[in-house]
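**Student:** Enclosed is the structure file model_29.csv (CSV, C-alpha atoms).
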```csv
chain,number,residue,atom,x,y,z
A,191,MET,CA,-3.1,-21.7,18.3
A,192,MET,CA,-2.2,-22.0,22.0
A,193,ILE,CA,-3.7,-19.3,24.4
A,194,TYR,CA,-2.0,-18.7,27.7
A,195,ALA,CA,-4.2,-17.1,30.4
A,196,SER,CA,-2.6,-14.8,33.0
A,197,LYS,CA,-3.7,-14.9,36.7
A,198,HIS,CA,-5.8,-11.8,36.1
A,199,SER,CA,-7.7,-13.3,33.2
A,200,ARG,CA,-8.3,-16.6,35.1
A,201,ARG,CA,-9.7,-14.6,38.1
A,202,ILE,CA,-12.1,-12.8,35.8
A,203,ALA,CA,-13.3,-16.1,34.4
A,204,VAL,CA,-14.1,-17.4,37.9
A,205,ILE,CA,-16.1,-14.3,38.7
A,206,ILE,CA,-18.1,-14.5,35.6
A,207,ALA,CA,-18.9,-18.1,36.3
A,208,PHE,CA,-20.0,-17.2,39.8
A,209,LEU,CA,-22.3,-14.4,38.7
A,210,LEU,CA,-24.0,-16.7,36.2
A,211,ILE,CA,-24.8,-19.2,38.9
A,212,ILE,CA,-26.2,-16.4,41.1
A,213,ALA,CA,-28.4,-15.2,38.2
A,214,LEU,CA,-29.8,-18.7,37.7
A,215,LEU,CA,-30.7,-19.0,41.4
A,216,PHE,CA,-32.6,-15.7,41.6
A,217,THR,CA,-34.6,-16.2,38.4
A,218,GLY,CA,-35.6,-19.7,39.3
A,219,THR,CA,-34.5,-21.0,35.9
A,220,TYR,CA,-33.1,-24.5,36.1
A,221,ALA,CA,-31.9,-25.3,32.7
A,222,TRP,CA,-28.6,-26.8,31.5
A,223,GLN,CA,-26.4,-24.1,30.2
A,224,SER,CA,-23.3,-24.5,28.0
A,225,ILE,CA,-20.9,-21.7,28.5
A,226,SER,CA,-18.0,-21.5,26.1
A,227,GLN,CA,-17.7,-25.3,25.6
A,228,TYR,CA,-14.9,-26.4,23.3
A,229,ALA,CA,-13.4,-29.7,22.3
A,230,LEU,CA,-9.7,-29.1,22.1
A,231,ASN,CA,-7.7,-31.4,19.8
A,232,GLN,CA,-4.0,-30.7,20.2
A,233,MET,CA,-1.4,-32.1,17.7
A,234,ILE,CA,2.3,-31.5,17.3
A,235,GLY,CA,3.7,-32.1,13.9
A,236,ARG,CA,7.3,-33.1,13.1
A,237,ALA,CA,8.8,-32.2,9.8
A,238,VAL,CA,9.3,-35.2,7.5
A,239,PRO,CA,11.5,-34.9,4.5
A,240,ALA,CA,10.2,-35.5,1.0
A,241,GLY,CA,9.7,-39.2,0.2
A,242,GLY,CA,11.9,-39.4,-2.8
A,243,ARG,CA,14.5,-42.0,-3.7
A,244,LEU,CA,17.2,-41.9,-6.4
A,245,HIS,CA,17.5,-45.0,-8.5
A,246,ASP,CA,20.8,-46.0,-10.3
A,247,ASP,CA,20.7,-49.2,-12.4
A,248,PHE,CA,24.0,-49.8,-14.0
A,249,GLN,CA,25.0,-52.7,-16.2
A,250,VAL,CA,28.2,-54.5,-15.4
A,251,MET,CA,30.3,-54.9,-18.6
A,252,GLY,CA,32.4,-58.0,-19.2
A,253,ASP,CA,32.5,-61.3,-17.4
A,254,ASN,CA,30.0,-60.7,-14.6
A,255,TYR,CA,27.1,-60.5,-17.0
A,256,GLY,CA,26.3,-59.0,-20.4
A,257,GLU,CA,27.9,-60.1,-23.6
A,258,LYS,CA,30.5,-57.4,-24.4
A,259,GLN,CA,33.7,-56.0,-22.9
A,260,TRP,CA,34.4,-52.3,-23.0
A,261,GLN,CA,35.3,-51.3,-26.5
A,262,LYS,CA,34.5,-48.5,-28.9
A,263,GLY,CA,30.8,-48.4,-29.8
A,264,VAL,CA,29.7,-50.5,-26.8
A,265,VAL,CA,26.5,-49.3,-25.1
A,266,ALA,CA,26.2,-49.9,-21.3
A,267,ASN,CA,22.9,-49.5,-19.5
A,268,LYS,CA,22.9,-46.6,-17.0
A,269,ASP,CA,19.4,-45.8,-15.8
A,270,ILE,CA,19.0,-42.7,-13.6
A,271,TYR,CA,15.5,-41.8,-12.3
A,272,VAL,CA,13.7,-40.7,-9.1
A,273,GLU,CA,10.8,-42.3,-7.3
A,274,ASN,CA,8.2,-40.7,-5.1
A,275,PHE,CA,7.6,-43.6,-2.6
A,276,GLU,CA,5.3,-41.7,-0.3
A,277,SER,CA,2.1,-43.4,0.9
A,278,GLU,CA,1.5,-42.3,4.4
A,279,TYR,CA,1.7,-38.5,3.6
A,280,ALA,CA,0.9,-38.8,-0.1
A,281,ARG,CA,2.6,-35.6,-1.1
A,282,ASP,CA,3.8,-34.5,-4.5
A,283,ILE,CA,7.5,-33.9,-4.7
A,284,PHE,CA,9.7,-31.8,-6.9
A,285,VAL,CA,13.0,-33.1,-8.2
A,286,ARG,CA,16.3,-32.0,-9.7
A,287,VAL,CA,19.4,-34.0,-10.5
A,288,LYS,CA,23.0,-33.1,-11.3
A,289,LEU,CA,25.5,-35.4,-13.0
A,290,TYR,CA,29.2,-35.1,-12.5
A,291,GLU,CA,32.1,-36.9,-14.4
A,292,TYR,CA,35.6,-38.0,-13.7
A,293,MET,CA,38.1,-39.8,-15.8
A,294,GLU,CA,41.8,-40.6,-15.4
A,295,ILE,CA,44.2,-42.4,-17.8
A,296,GLY,CA,47.5,-44.1,-17.1
A,297,GLN,CA,49.2,-46.7,-15.0
A,298,GLY,CA,47.3,-47.6,-11.9
A,299,ALA,CA,43.9,-46.2,-13.1
A,300,ASN,CA,42.4,-49.6,-12.5
A,301,LEU,CA,43.3,-49.4,-8.8
A,302,HIS,CA,40.8,-48.3,-6.1
A,303,PRO,CA,41.3,-46.4,-2.9
A,304,GLY,CA,42.7,-48.8,-0.4
A,305,ASP,CA,44.4,-51.0,-3.0
A,306,VAL,CA,48.2,-51.5,-2.7
A,307,GLY,CA,49.9,-48.9,-5.0
A,308,TYR,CA,46.9,-46.6,-5.3
A,309,PRO,CA,48.6,-43.6,-3.7
A,310,ILE,CA,51.5,-43.8,-6.1
A,311,ARG,CA,49.6,-44.6,-9.3
A,312,GLU,CA,50.7,-42.6,-12.3
A,313,ALA,CA,47.2,-42.1,-13.8
A,314,ILE,CA,46.5,-38.5,-14.8
A,315,SER,CA,43.1,-36.9,-14.5
A,316,LEU,CA,41.4,-35.7,-17.6
A,317,ILE,CA,40.7,-32.4,-15.8
A,318,PRO,CA,43.9,-31.5,-14.0
A,319,ALA,CA,42.3,-30.0,-10.9
A,320,ALA,CA,40.0,-33.0,-10.3
A,321,LYS,CA,40.7,-35.5,-7.6
A,322,ARG,CA,39.2,-39.0,-7.8
A,323,GLU,CA,38.6,-39.2,-4.0
A,324,ASP,CA,36.8,-35.8,-3.9
A,325,VAL,CA,33.6,-35.6,-6.0
A,326,THR,CA,33.3,-31.9,-5.3
A,327,THR,CA,36.2,-31.5,-7.8
A,328,TRP,CA,34.4,-33.5,-10.5
A,329,SER,CA,33.0,-31.7,-13.5
A,330,PRO,CA,29.2,-31.2,-13.9
A,331,ARG,CA,27.9,-32.4,-17.3
A,332,LEU,CA,26.7,-29.2,-18.9
A,333,PRO,CA,24.4,-29.2,-21.9
A,334,GLY,CA,26.1,-26.5,-23.9
A,335,ASP,CA,29.5,-26.0,-25.4
A,336,ASN,CA,31.7,-26.3,-22.3
A,337,GLU,CA,35.5,-27.0,-22.3
A,338,ASN,CA,35.4,-29.6,-19.5
A,339,SER,CA,32.2,-31.4,-20.7
A,340,ASN,CA,33.6,-31.5,-24.2
A,341,LEU,CA,36.7,-33.3,-23.1
A,342,PHE,CA,34.6,-36.1,-21.7
A,343,ARG,CA,32.4,-36.1,-24.8
A,344,GLU,CA,35.5,-37.1,-26.8
A,345,TYR,CA,35.4,-40.4,-25.0
A,346,TRP,CA,31.8,-40.8,-24.0
A,347,THR,CA,28.3,-40.3,-25.5
A,348,TRP,CA,25.4,-40.3,-23.2
A,349,GLU,CA,21.9,-41.7,-24.1
A,350,MET,CA,19.2,-39.8,-22.3
A,351,GLY,CA,15.4,-40.0,-21.8
A,352,GLY,CA,12.9,-42.8,-22.1
A,353,ASP,CA,11.2,-45.2,-19.6
A,354,LYS,CA,11.6,-48.6,-18.1
A,355,VAL,CA,9.9,-51.1,-15.8
A,356,TYR,CA,11.4,-50.8,-12.3
A,357,MET,CA,10.9,-52.3,-8.9
A,358,PRO,CA,9.8,-49.7,-6.3
A,359,THR,CA,12.3,-49.1,-3.6
A,360,PHE,CA,12.3,-51.0,-0.3
A,361,ASN,CA,14.0,-48.0,1.3
A,362,LYS,CA,10.9,-46.0,2.4
A,363,ASP,CA,12.8,-44.1,5.1
A,364,PRO,CA,12.4,-40.4,4.4
A,365,PHE,CA,15.4,-39.6,6.6
A,366,SER,CA,17.7,-42.0,4.7
A,367,LYS,CA,20.0,-40.5,2.1
A,368,GLU,CA,20.9,-44.0,0.7
A,369,SER,CA,20.1,-44.5,-3.0
A,370,ASP,CA,18.5,-47.5,-4.5
A,371,VAL,CA,21.3,-49.1,-6.6
A,372,LYS,CA,21.4,-52.2,-8.8
A,373,GLY,CA,24.0,-54.0,-10.9
A,374,SER,CA,27.5,-52.4,-10.5
A,375,ALA,CA,26.2,-49.1,-9.4
A,376,MET,CA,27.5,-48.0,-6.0
A,377,ASP,CA,26.2,-45.6,-3.4
A,378,PRO,CA,29.0,-43.6,-1.8
A,379,GLN,CA,26.7,-42.1,0.8
A,380,ALA,CA,27.6,-43.2,4.3
A,381,LEU,CA,24.8,-44.6,6.4
A,382,SER,CA,23.9,-42.5,9.4
A,383,PRO,CA,24.4,-43.9,12.9
A,384,GLY,CA,22.0,-46.7,13.6
A,385,GLU,CA,20.9,-47.0,9.9
A,386,VAL,CA,20.9,-50.4,8.3
A,387,ILE,CA,21.5,-50.9,4.6
A,388,ASN,CA,18.6,-51.2,2.2
A,389,ALA,CA,17.7,-54.9,2.1
A,390,THR,CA,17.9,-55.0,-1.7
A,391,ASN,CA,21.2,-53.1,-2.1
A,392,PRO,CA,24.5,-55.0,-2.5
A,393,GLY,CA,25.3,-56.1,1.1
A,394,GLY,CA,21.7,-56.2,2.1
A,395,ASN,CA,19.9,-59.4,3.2
A,396,ALA,CA,17.8,-59.7,-0.1
A,397,PRO,CA,20.1,-58.2,-2.8
A,398,TYR,CA,19.2,-58.3,-6.5
A,399,PRO,CA,21.4,-60.2,-8.9
A,400,ASP,CA,23.9,-58.3,-11.0
A,401,GLU,CA,21.6,-58.7,-13.9
A,402,ALA,CA,19.1,-56.3,-12.3
A,403,GLY,CA,21.3,-53.4,-13.5
A,404,GLY,CA,20.2,-54.1,-17.1
A,405,HIS,CA,17.4,-52.1,-18.7
A,406,ASP,CA,15.0,-54.9,-19.4
A,407,TYR,CA,15.5,-57.0,-16.3
A,408,PHE,CA,12.2,-56.3,-14.7
A,409,LEU,CA,8.8,-57.2,-16.1
A,410,THR,CA,5.5,-55.7,-14.9
A,411,THR,CA,4.5,-59.2,-13.7
A,412,GLN,CA,7.5,-59.5,-11.4
A,413,THR,CA,7.4,-59.2,-7.6
A,414,LYS,CA,10.1,-59.0,-5.0
A,415,GLU,CA,9.9,-59.8,-1.3
A,416,ALA,CA,12.2,-58.0,1.2
A,417,GLN,CA,12.2,-56.1,4.4
A,418,GLU,CA,11.3,-52.4,4.1
A,419,LYS,CA,13.4,-49.7,5.7
A,420,TYR,CA,11.4,-47.0,7.4
A,421,TRP,CA,11.5,-44.3,10.1
A,422,HIS,CA,10.2,-45.3,13.4
A,423,TRP,CA,9.3,-42.4,15.7
A,424,ALA,CA,9.1,-44.5,18.8
A,425,LEU,CA,12.8,-45.2,18.8
A,426,ASN,CA,15.4,-43.2,20.7
A,427,ASN,CA,13.1,-41.9,23.4
A,428,GLY,CA,10.6,-40.6,20.8
A,429,ASN,CA,13.2,-38.8,18.7
A,430,GLY,CA,12.8,-41.5,16.0
A,431,GLY,CA,15.3,-43.8,14.3
A,432,HIS,CA,16.0,-46.0,11.2
A,433,ALA,CA,14.3,-49.4,11.3
A,434,LEU,CA,13.6,-52.5,9.2
A,435,SER,CA,10.2,-54.1,9.0
A,436,SER,CA,10.0,-57.4,11.0
A,437,THR,CA,8.5,-59.3,8.0
A,438,ASN,CA,9.0,-59.2,4.3
A,439,GLU,CA,6.8,-56.9,2.2
A,440,THR,CA,5.9,-57.7,-1.4
A,441,HIS,CA,6.5,-55.1,-4.2
A,442,ASN,CA,5.2,-55.3,-7.7
A,443,ALA,CA,7.2,-54.0,-10.6
A,444,ARG,CA,5.7,-51.1,-12.6
A,445,SER,CA,6.6,-48.6,-15.3
A,446,THR,CA,8.3,-45.3,-14.8
A,447,LEU,CA,6.9,-42.3,-16.6
A,448,GLY,CA,8.3,-41.5,-20.0
A,449,ALA,CA,10.8,-38.7,-20.5
A,450,THR,CA,12.0,-36.4,-23.1
A,451,ILE,CA,15.1,-34.2,-22.7
A,452,VAL,CA,14.8,-30.4,-23.3
A,453,LYS,CA,17.4,-27.7,-22.8
A,454,MET,CA,16.2,-24.8,-20.6
A,455,ALA,CA,16.6,-22.4,-23.5
A,456,ASP,CA,14.2,-24.6,-25.6
A,457,TRP,CA,11.6,-25.3,-22.9
A,458,ASN,CA,8.3,-23.7,-23.8
A,459,GLY,CA,7.0,-23.3,-20.2
A,460,SER,CA,4.6,-26.2,-20.3
A,461,ILE,CA,4.3,-28.8,-17.5
A,462,GLY,CA,5.0,-32.4,-18.5
A,463,ASN,CA,7.2,-35.4,-18.5
A,464,TYR,CA,10.4,-33.6,-19.4
A,465,TRP,CA,13.9,-33.3,-18.0
A,466,VAL,CA,14.8,-29.7,-18.5
A,467,LEU,CA,18.6,-29.3,-18.6
A,468,ASP,CA,19.8,-25.9,-17.2
A,469,GLU,CA,23.1,-24.3,-18.2
A,470,ASP,CA,24.5,-24.9,-14.7
A,471,GLY,CA,24.0,-28.7,-15.0
A,472,TRP,CA,20.9,-29.1,-12.9
A,473,CYS,CA,18.2,-31.1,-14.6
A,474,TYR,CA,14.7,-30.4,-13.4
A,475,TRP,CA,11.7,-32.7,-13.7
A,476,ALA,CA,9.1,-30.3,-15.1
A,477,ALA,CA,6.1,-31.5,-13.2
A,478,PRO,CA,5.0,-32.4,-9.7
A,479,LEU,CA,6.0,-36.1,-9.1
A,480,THR,CA,2.9,-37.7,-7.6
A,481,PRO,CA,3.1,-40.5,-5.0
A,482,GLN,CA,3.9,-44.0,-6.1
A,483,THR,CA,5.3,-42.9,-9.4
A,484,ALA,CA,8.8,-42.5,-10.8
A,485,THR,CA,10.2,-39.9,-13.3
A,486,GLY,CA,11.2,-41.0,-16.7
A,487,LEU,CA,14.9,-41.7,-17.3
A,488,LEU,CA,17.3,-38.9,-17.2
A,489,LEU,CA,20.3,-41.0,-18.2
A,490,SER,CA,19.7,-44.3,-20.0
A,491,GLY,CA,23.0,-45.5,-21.4
A,492,ILE,CA,26.7,-44.6,-22.0
A,493,ILE,CA,28.7,-45.3,-25.1
A,494,LEU,CA,32.5,-45.5,-25.4
A,495,ASN,CA,33.5,-43.3,-28.3
A,496,LYS,CA,37.2,-44.2,-28.2
A,497,ALA,CA,39.3,-46.3,-25.9
A,498,PRO,CA,42.5,-44.8,-24.5
A,499,ASP,CA,45.7,-46.7,-25.2
A,500,LEU,CA,46.5,-46.9,-21.5
A,501,THR,CA,44.5,-48.2,-18.6
A,502,TRP,CA,41.6,-45.8,-17.8
A,503,TYR,CA,39.0,-45.2,-15.2
A,504,TYR,CA,35.7,-43.3,-15.7
A,505,ALA,CA,32.9,-42.6,-13.2
A,506,ILE,CA,29.6,-40.7,-13.0
A,507,HIS,CA,28.5,-39.1,-9.7
A,508,VAL,CA,24.8,-38.4,-9.3
A,509,GLU,CA,23.4,-35.7,-7.0
A,510,ALA,CA,19.7,-35.7,-6.5
A,511,GLN,CA,17.5,-33.2,-4.5
A,512,MET,CA,13.8,-33.7,-3.7
A,513,ALA,CA,11.5,-31.4,-1.9
A,514,THR,CA,7.8,-31.1,-1.1
A,515,VAL,CA,6.2,-27.8,-2.1
A,516,ASP,CA,6.8,-26.4,1.3
A,517,GLU,CA,10.5,-27.4,1.2
A,518,VAL,CA,11.4,-26.1,-2.2
A,519,ASN,CA,12.8,-22.8,-1.0
A,520,SER,CA,14.9,-24.4,1.8
A,521,ALA,CA,16.0,-27.3,-0.3
A,522,PHE,CA,16.9,-25.6,-3.6
A,523,TYR,CA,17.6,-22.0,-2.6
A,524,ASP,CA,19.5,-21.9,0.7
A,525,ASP,CA,22.8,-23.2,-0.7
A,526,SER,CA,24.3,-20.2,-2.4
A,527,ALA,CA,26.6,-22.4,-4.5
A,528,GLN,CA,23.6,-24.3,-5.8
A,529,THR,CA,21.0,-21.5,-6.1
A,530,PRO,CA,18.8,-22.0,-9.2
A,531,THR,CA,19.3,-19.8,-12.1
A,532,ASP,CA,16.6,-17.2,-12.9
A,533,GLU,CA,15.3,-19.6,-15.6
A,534,ALA,CA,15.1,-22.4,-13.1
A,535,LYS,CA,13.3,-20.2,-10.6
A,536,ASN,CA,10.7,-19.5,-13.2
A,537,LEU,CA,10.3,-23.2,-13.9
A,538,LEU,CA,9.9,-23.9,-10.2
A,539,ASP,CA,7.3,-21.2,-9.8
A,540,ILE,CA,5.3,-22.7,-12.7
A,541,ILE,CA,5.4,-26.3,-11.6
A,542,THR,CA,4.9,-25.7,-7.9
A,543,ASN,CA,1.7,-23.7,-8.5
A,544,ALA,CA,0.4,-26.2,-11.0
A,545,PRO,CA,-2.4,-28.7,-10.5
A,546,VAL,CA,-1.4,-32.3,-10.0
A,547,LEU,CA,-1.0,-34.0,-13.3
A,548,PRO,CA,-3.0,-37.2,-13.9
```
Will you turn the file into C-alpha cells for me?

**Tutor:**
Amino acid sequence: MMIYASKHSRRIAVIIAFLLIIALLFTGTYAWQSISQYALNQMIGRAVPAGGRLHDDFQVMGDNYGEKQWQKGVVANKDIYVENFESEYARDIFVRVKLYEYMEIGQGANLHPGDVGYPIREAISLIPAAKREDVTTWSPRLPGDNENSNLFREYWTWEMGGDKVYMPTFNKDPFSKESDVKGSAMDPQALSPGEVINATNPGGNAPYPDEAGGHDYFLTTQTKEAQEKYWHWALNNGNGGHALSSTNETHNARSTLGATIVKMADWNGSIGNYWVLDEDGWCYWAAPLTPQTATGLLLSGIILNKAPDLTWYYAIHVEAQMATVDEVNSAFYDDSAQTPTDEAKNLLDIITNAPVLP
C-alpha cells in the first residue's frame, strides 16, 4: 500500500520530531531512540499469462513416413495435449480445449490457399456454410447426437484418451500463442511482431524430423538440444519482448499424465485425470495442471471410416485456453460467445478450489 502525505501531515511530523528532541534535552536522557522506523520494500508486479503450451503431434500418412496411405480403416496418430511449462512462477494452470472439423469433397480439394486454381476449385464443403479459409465457420466436435458432428462421423472416427512420452516444449514464452507442433501438424497462429519461431517447430533452427509426429517416437531416455524461446522484460525499453536463449538448452523426454474421457453428464464431480466433454464442445481437464507436467491425451488418433470417390480434404482445428486460478474468470468467462455452461462453471468451481494433486 502506498501512502501519500499532504503538506499538512508532513508539517505535523516535523513538529513532533522537534518536540521529541526538546524533551530529550530537558530530561538529560541521552539514549538512542527509534521513532517509527520501517524498512520499505517496494515491488511492482506485471501480469504474466499462464505458462501453458498446446502440443499437436500428427503423423504424416503416405510417402513421407509411415507405412500406409489413406484408406478405409487406417489409423493416423493425432496426439493433442497441453503442457504446463512454468518453472519461474511455478503456478498451477487450468485448461480447456475445443476441437473443430472441416471437410470438403470434389475437384480441387487437394489444392491449398495460394495454389493456382484454388479460388475456382469445385470442391463442396460437407457443411454448406463452412469456409475452408475461415476456421470460425468450422463445426465444433460435439459429444452428443448433433447433425453436423454426425456428418463428420460418417467419414471419421476419433480415438481419444491415453498417454504418451513427449518432449517438453522449447517455447517457454508465456506471451507466445504459438503451439508446439510435430510431424505434419501446422500452427496457423501468426507470430507477433518481433517473435521468432519455436526452434523445434518446422522452420525453426532445430526442427524435429517428420517421424516425431508418431505416437511412439520419443523414449524417456531421449534428450533434445535447442534454443529456448522466452520473454525478456529488458527488451523494448523495459516493456518486454520475445527472445531466444543464446545457447542451447537440453530437455529430457517424459511421460504425460494418463487420461480418460468422460461426458459432462456422466462426470461424478471428482477431481482427476479426466477430459470432461461438455455439450458445447469444450473439453475440460478436471484437475489443476501442476508445473512441469502435461495433461493426458485428449485426441490420440483418427480413423477413416469411408473414403469419398472424389478428391477430399479434411482438417481439425484446435483451440486451447489456459489460465491460472486468478485468470479463470477473465480467460473463460469474458467472451460471451464462449461462456462456460452452468455445468462447466460448477466443474471450474470445484477444481479451482481443490488442493493440488500429487

**Student:** Tell me which of A:Leu487, A:Val264, A:Ile387, A:Ala534 sits closest to Gly352 in chain A, counting all atoms listed in the file.

**Tutor:**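 Result for the nearest residue to Gly352 in chain A: A:Leu487.
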
**Student:** I'd like the neighbourhood of Ile541 in chain A as a PyMOL selection string, where a residue qualifies if any of its atoms comes within 9 Å (using all atoms listed in the file), though same-chain residues fewer than 4 positions away should be ignored.

**Tutor:** chain A and resi 284+460-461+476-478+536-537+545

**Student:** Would you please work out which residue, of A:Leu489, A:Ala402, A:Ala497, A:Val272, is nearest to Leu447 in chain A when using all atoms listed in the file?

**Tutor:** A:Val272

**Student:** Fewer than 3 positions away in the same chain doesn't count, so skip those; otherwise give me all residues within 8 Å of Met454 in chain A, counting only C-alpha atoms, as a list in words.

**Tutor:**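 The filter keeps Trp457, Val466, Leu467, Asp468, Glu469, Glu533 and Ala534 of chain A.
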
**Student:** Which is closest to Gly241 in chain A among A:Trp472, A:Trp421, A:Tyr407, A:Trp465, if we use only C-alpha atoms?

**Tutor:**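 Comparing A:Trp472, A:Trp421, A:Tyr407, A:Trp465 against Gly241 in chain A, the winner is A:Trp421.
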
**Student:** For Glu276 in chain A, work out the shell of residues within 7 Å, counting all atoms listed in the file and skipping chain neighbours fewer than 5 positions away, then give it as a list in words.

**Tutor:** Gly241, Arg281, Pro481 and Gln482 of chain A

**Student:** Can you tell me how far CA of Lys354 in chain A sits from CA of Glu418 in chain A, in Å to one decimal?

**Tutor:**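 Computed distance, CA of Lys354 in chain A to CA of Glu418 in chain A, equals 22.5 Å.
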
**Student:** Using all atoms listed in the file for the distances, tell me which of A:Val452, A:Val250, A:Ala396, A:Ala280 is nearest to Ala266 in chain A.

**Tutor:**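 Answer, going by the shortest atom-to-atom distance: A:Val250.
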
**Student:** What gap, in Å, lies between CA of Glu349 in chain A and CA of Asn495 in chain A?

**Tutor:**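 Computing it gives 12.4 Å between the two atoms.
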
**Student:** Restricting the calculation to all atoms listed in the file: of A:Met357, A:Met293, A:Ala299, A:Val265, which residue gets closest to Ala319 in chain A?

**Tutor:**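 Selected residue with least distance to Ala319 in chain A: A:Met293.
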
**Student:** Record the distance separating CA of Thr437 in chain A and CA of Leu479 in chain A, expressed in Å with one decimal.

**Tutor:**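 For CA of Thr437 in chain A relative to CA of Leu479 in chain A, the distance reads 28.9 Å.
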
**Student:** Using all atoms listed in the file, list the residues that have an atom at most 10 Å from (43.2, -39.9, -16.0), coordinates as in the file, as a ChimeraX atom specification.

**Tutor:** /A:292-299,312-318,320-322,498,500-504

**Student:** Which residue is closest to Met376 in chain A? Choose from A:Phe248, A:Leu538, A:Thr529, A:Asn336 and count only C-alpha atoms.

**Tutor:**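 Smallest separation from Met376 in chain A among the options: A:Phe248.
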
**Student:** In the coordinate frame of the file, compute which residues have an atom within 6 Å of (22.2, -29.3, -22.7) when using all atoms listed in the file, and state them as a PyMOL selection string.

**Tutor:** chain A and resi 332-334+453+467

**Student:** Show me, as a PDB file with C-alpha atoms, keeping the file's coordinate frame, the residues that have an atom within 9 Å of Ser382 in chain A when counting all atoms listed in the file, minus same-chain residues fewer than 3 positions from it.

**Tutor:**
```pdb
ATOM      1  CA  SER A 366      17.700 -42.000   4.700  1.00  0.00           C
ATOM      2  CA  LYS A 367      20.000 -40.500   2.100  1.00  0.00           C
ATOM      3  CA  GLU A 385      20.900 -47.000   9.900  1.00  0.00           C
ATOM      4  CA  VAL A 386      20.900 -50.400   8.300  1.00  0.00           C
ATOM      5  CA  HIS A 432      16.000 -46.000  11.200  1.00  0.00           C
TER       6      HIS A 432
END
```

**Student:** Could you name the residues that touch Asp370 in chain A at 9 Å or less, counting all atoms listed in the file, but leaving out those on the same chain fewer than 6 positions away, as a ChimeraX atom specification?

**Tutor:** /A:243-247,359-361,377,388,390-391
